[in-house]
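Written out below as structure tokens is the structure these notes cover.
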Amino acid sequence: MKFLVKTFLIALSALLFVACQSEKKQPNFLFVLVDDQSAFDLKIYNSNSILETPTLDKLADGGMVFESARNMGSMNGAVCTPSRHMIMSGRTVWHLPPSAEFQKQIDPHPIDTMTIGAVFNRAGYKTMRTCKKGNSYPGANRQFSVVKDKTKRGGTEESGSAWHSKQVLEYLNARESAQESDPFFIYFGFSHPHDTRNGTPELLAKYGAVNHKDINSLPPANPKQPQLPENYLTAHPFFHGHPELRDEERVSGVWKNRDEQTIRNEIGREYACDENIDIQIDKVLKKLEEMGELDNTYIIYTADHGIAIGRHGLQGKQNLYEHSWKVPFIVNGPGIKGGTRVEGNIYLLDVLPTLCDLAEIEIPETVEGKSFKSVLEGKENTIRDTMYGVYCGGTKPGMRTVKLGDWKLIKYDVMDGAVRETQLFNLAENPNEYLPEHGRTGEMQTDLAENPKYADKLKEMEAVLLGQMKKHDDPYRLWNQK
Ligand SMILES: [Ca+2]
């Protein structure tokens, strides 16, 4: 009798377990991707910033902030394009479909069906995306069931970032009306703060900026504008190696100007676009809350890469300093401990395997990125030791970087050997990557490559770089590599 009771109890608990499991809803995903935003814009990463982003602050307070999240790089001037290929496919920079380099895709490629939209559709998710059109991965974009892509860089509701949030809100309203119960994956992309940075009139006024259009005059100075960045320079000390690069020479409002008025006005414009995005995200989060879906939704906030806007005398994203190589990365969702900051050492190409892992979906075999679920669960602080970065969009081989611990090496081999430069930074002591031209007094607050005291460190980092180039099938070698 006792045995029967025991057997009955075991069977009952097994049944309850199965019932609970089937009631456990799969999580939703809201993946927010902004275009060309430096992590240093945000107060979350830079306490000197005057940019107000209450929605992101709330996401960070309730979630996890990654200190070291990076775009692996680019083999062409449109850094956006390979970045988006890496996000969608989870593959490394030298292993992407040809559309990453040639920026055109007419025929389907086998990798297309191993990308976010396709993978989540097969797992029973409802998938939707809105984003800018162009400089993207068309073969992956069309895998989403609902696609609302348009480039929106204006300063009105219809022509700016509000258009993207409207697409998501309409999609959520339709789900509600249809009483849709399958989980969702929403790719919530914006066309801003990428130039042209036409902010809304109210937000431009708040940051003292104007949509400057006249190449023959300077925008007016205004005390409300953000201060110059700490690592601002009027010119980069040597040529970056990409002749006639659009982002360094032809961005409306900046052109080749690097004076204080131009840069402060342009950062004001950037902040106006950033804050507008923050407002748009809030609308969607409020809607999810109303629907009772917010608690079961992972929200991921990031950018395709950073941007210079006056830092180091540069304007574009075609460099490997922290302002351009690093991206903001915030995750908020079920089980993530609020207010946490981690190193992470993640690439954007780790997003797909991580989200598969969180949804308990099999990670496609074509993925080369690593899941960082263990970091989100608080079990680890970082998933790799070494980070590798590439800019190979101008003269070849271009720029390469590696980071290991606090140390970072950047090398430039451009203009047929006319520019061969090496920089060594300790990011703990010199997070702004000050150069001699910045005139800081601290021994380590400069480029240490020429300092004999750090010769061994330099040698070590050179070896780490070559190792990473081999590991990632980098097709080039630098002048001092064999
Ligand atoms: Ca971009």
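Residues in the structure tokens are named by chain (A, B, ... in the order shown) and by number from 1 within that chain; ligands are numbered from 1 in the order shown.
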Name all residues at most 8 Å from Ala359 of chain A (count only C-alpha atoms; drop same-chain ones fewer than 3 positions away) and give them as a ChimeraX atom specification. /A:26-27,355-356
Deliver the residues from the most recent selection as a file, using C-alpha atoms, as a compact mmCIF listing (two decimals), in the first residue's frame.
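After the write, again_6.txt holds the following:
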```
# COMPACT_ATOMS: atom_id res chain seq x y z
CA GLN A 26 8.80 31.23 -24.31
CA PRO A 27 10.26 34.71 -23.89
CA LEU A 355 19.16 34.81 -28.11
CA CYS A 356 18.80 31.23 -29.37
```
Give me every helix (DSSP H, G or I) residue in segment 259-444 of chain A, going by DSSP on the backbone, as number ranges by chain. A: 260-290, 294-296, 322-325, 348-359, 373-376, 436-438
List the spatial neighbours of Phe29 of chain A as an mmCIF file with N, CA and C atoms, in the first residue's frame - criterion: any atom at most 6 Å away, only C-alpha atoms, same-chain residues fewer than 3 positions off excluded.
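What landed in around-v2.cif:
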```cif
data_model
loop_
_atom_site.group_PDB
_atom_site.id
_atom_site.type_symbol
_atom_site.label_atom_id
_atom_site.label_comp_id
_atom_site.auth_asym_id
_atom_site.auth_seq_id
_atom_site.Cartn_x
_atom_site.Cartn_y
_atom_site.Cartn_z
ATOM 1 N N PHE A 185 9.485 38.027 -31.970
ATOM 2 C CA PHE A 185 10.835 38.586 -32.109
ATOM 3 C C PHE A 185 10.696 39.849 -32.936
ATOM 4 N N THR A 297 9.677 39.734 -21.751
ATOM 5 C CA THR A 297 10.383 40.175 -22.953
ATOM 6 C C THR A 297 11.827 40.563 -22.636
ATOM 7 N N TYR A 298 12.760 39.997 -23.387
ATOM 8 C CA TYR A 298 14.152 40.460 -23.324
ATOM 9 C C TYR A 298 14.278 41.679 -24.217
#
```
Using only C-alpha atoms and all ligand atoms, which residues of the polymer chains come no farther than 12 Å from ligand 1? I'd like the answer as a ChimeraX atom specification. /A:33-38,71,73-74,77-85,131-136,189-195,247,302-307,316-318,324-325,327
My list of candidates is A:Met75, A:Val119, A:Leu218, A:Glu437. Which is closest to Glu101 of chain A when distances are computed with only C-alpha atoms?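 Closest to Glu101 of chain A of all the choices is A:Met75.
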For Gln225 of chain A, please output as a list in words all residues within 6 Å (counting only C-alpha atoms; exclusion window: fewer than 6 positions along the same chain).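 Selected residues are Tyr207, Gly208, Arg264 and Gly268 of chain A.
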Mind dumping the selected residues with N, CA and C atoms as a short mmCIF file (atom, residue, chain, number, x, y, z; two decimals), in the first residue's frame?
```cif
data_model
loop_
_atom_site.label_atom_id
_atom_site.label_comp_id
_atom_site.auth_asym_id
_atom_site.auth_seq_id
_atom_site.Cartn_x
_atom_site.Cartn_y
_atom_site.Cartn_z
N TYR A 207 19.42 71.12 -27.05
CA TYR A 207 20.88 70.93 -27.10
C TYR A 207 21.59 72.05 -27.87
N GLY A 208 20.88 73.15 -28.07
CA GLY A 208 21.50 74.36 -28.66
C GLY A 208 22.01 74.17 -30.08
N ARG A 264 30.67 71.00 -31.76
CA ARG A 264 29.68 71.10 -30.68
C ARG A 264 28.26 71.12 -31.24
N GLY A 268 25.44 68.25 -30.63
CA GLY A 268 24.09 68.67 -30.22
C GLY A 268 23.02 68.01 -31.10
#
```
Which residues, written as an MDAnalysis selection string, have at least one atom at most 12 Å from Asp416 of chain A, with only C-alpha atoms counted and residues fewer than 4 positions away on the same chain left out? chainID A and resid 241:242 394:398 412 420 478:479
Those same residues - N, CA and C atoms - I'd like them written as a compact mmCIF listing (two decimals), in the first residue's frame.
```
# COMPACT_ATOMS: atom_id res chain seq x y z
N GLY A 241 44.09 56.87 -43.98
CA GLY A 241 44.34 55.85 -45.00
C GLY A 241 43.19 55.56 -45.95
N HIS A 242 42.10 56.34 -45.85
CA HIS A 242 40.98 56.11 -46.76
C HIS A 242 40.71 57.41 -47.52
N GLY A 394 39.62 51.22 -46.65
CA GLY A 394 40.36 52.17 -47.48
C GLY A 394 41.54 51.48 -48.14
N THR A 395 42.74 52.09 -48.04
CA THR A 395 43.91 51.43 -48.61
C THR A 395 44.27 50.22 -47.73
N LYS A 396 44.82 49.19 -48.34
CA LYS A 396 45.06 47.92 -47.66
C LYS A 396 46.49 47.84 -47.15
N PRO A 397 46.73 47.05 -46.11
CA PRO A 397 45.79 46.23 -45.35
C PRO A 397 44.85 47.02 -44.43
N GLY A 398 45.16 48.27 -44.11
CA GLY A 398 44.24 49.07 -43.30
C GLY A 398 44.64 49.13 -41.83
N TYR A 412 48.31 50.75 -38.06
CA TYR A 412 47.87 51.34 -39.32
C TYR A 412 48.92 51.02 -40.37
N ARG A 420 52.73 53.97 -41.64
CA ARG A 420 52.86 52.76 -40.82
C ARG A 420 52.99 53.20 -39.37
N LEU A 478 50.44 42.69 -41.94
CA LEU A 478 51.00 44.02 -41.81
C LEU A 478 52.50 43.99 -42.10
N TRP A 479 53.10 45.20 -42.24
CA TRP A 479 54.50 45.27 -42.70
C TRP A 479 55.48 44.50 -41.83
```
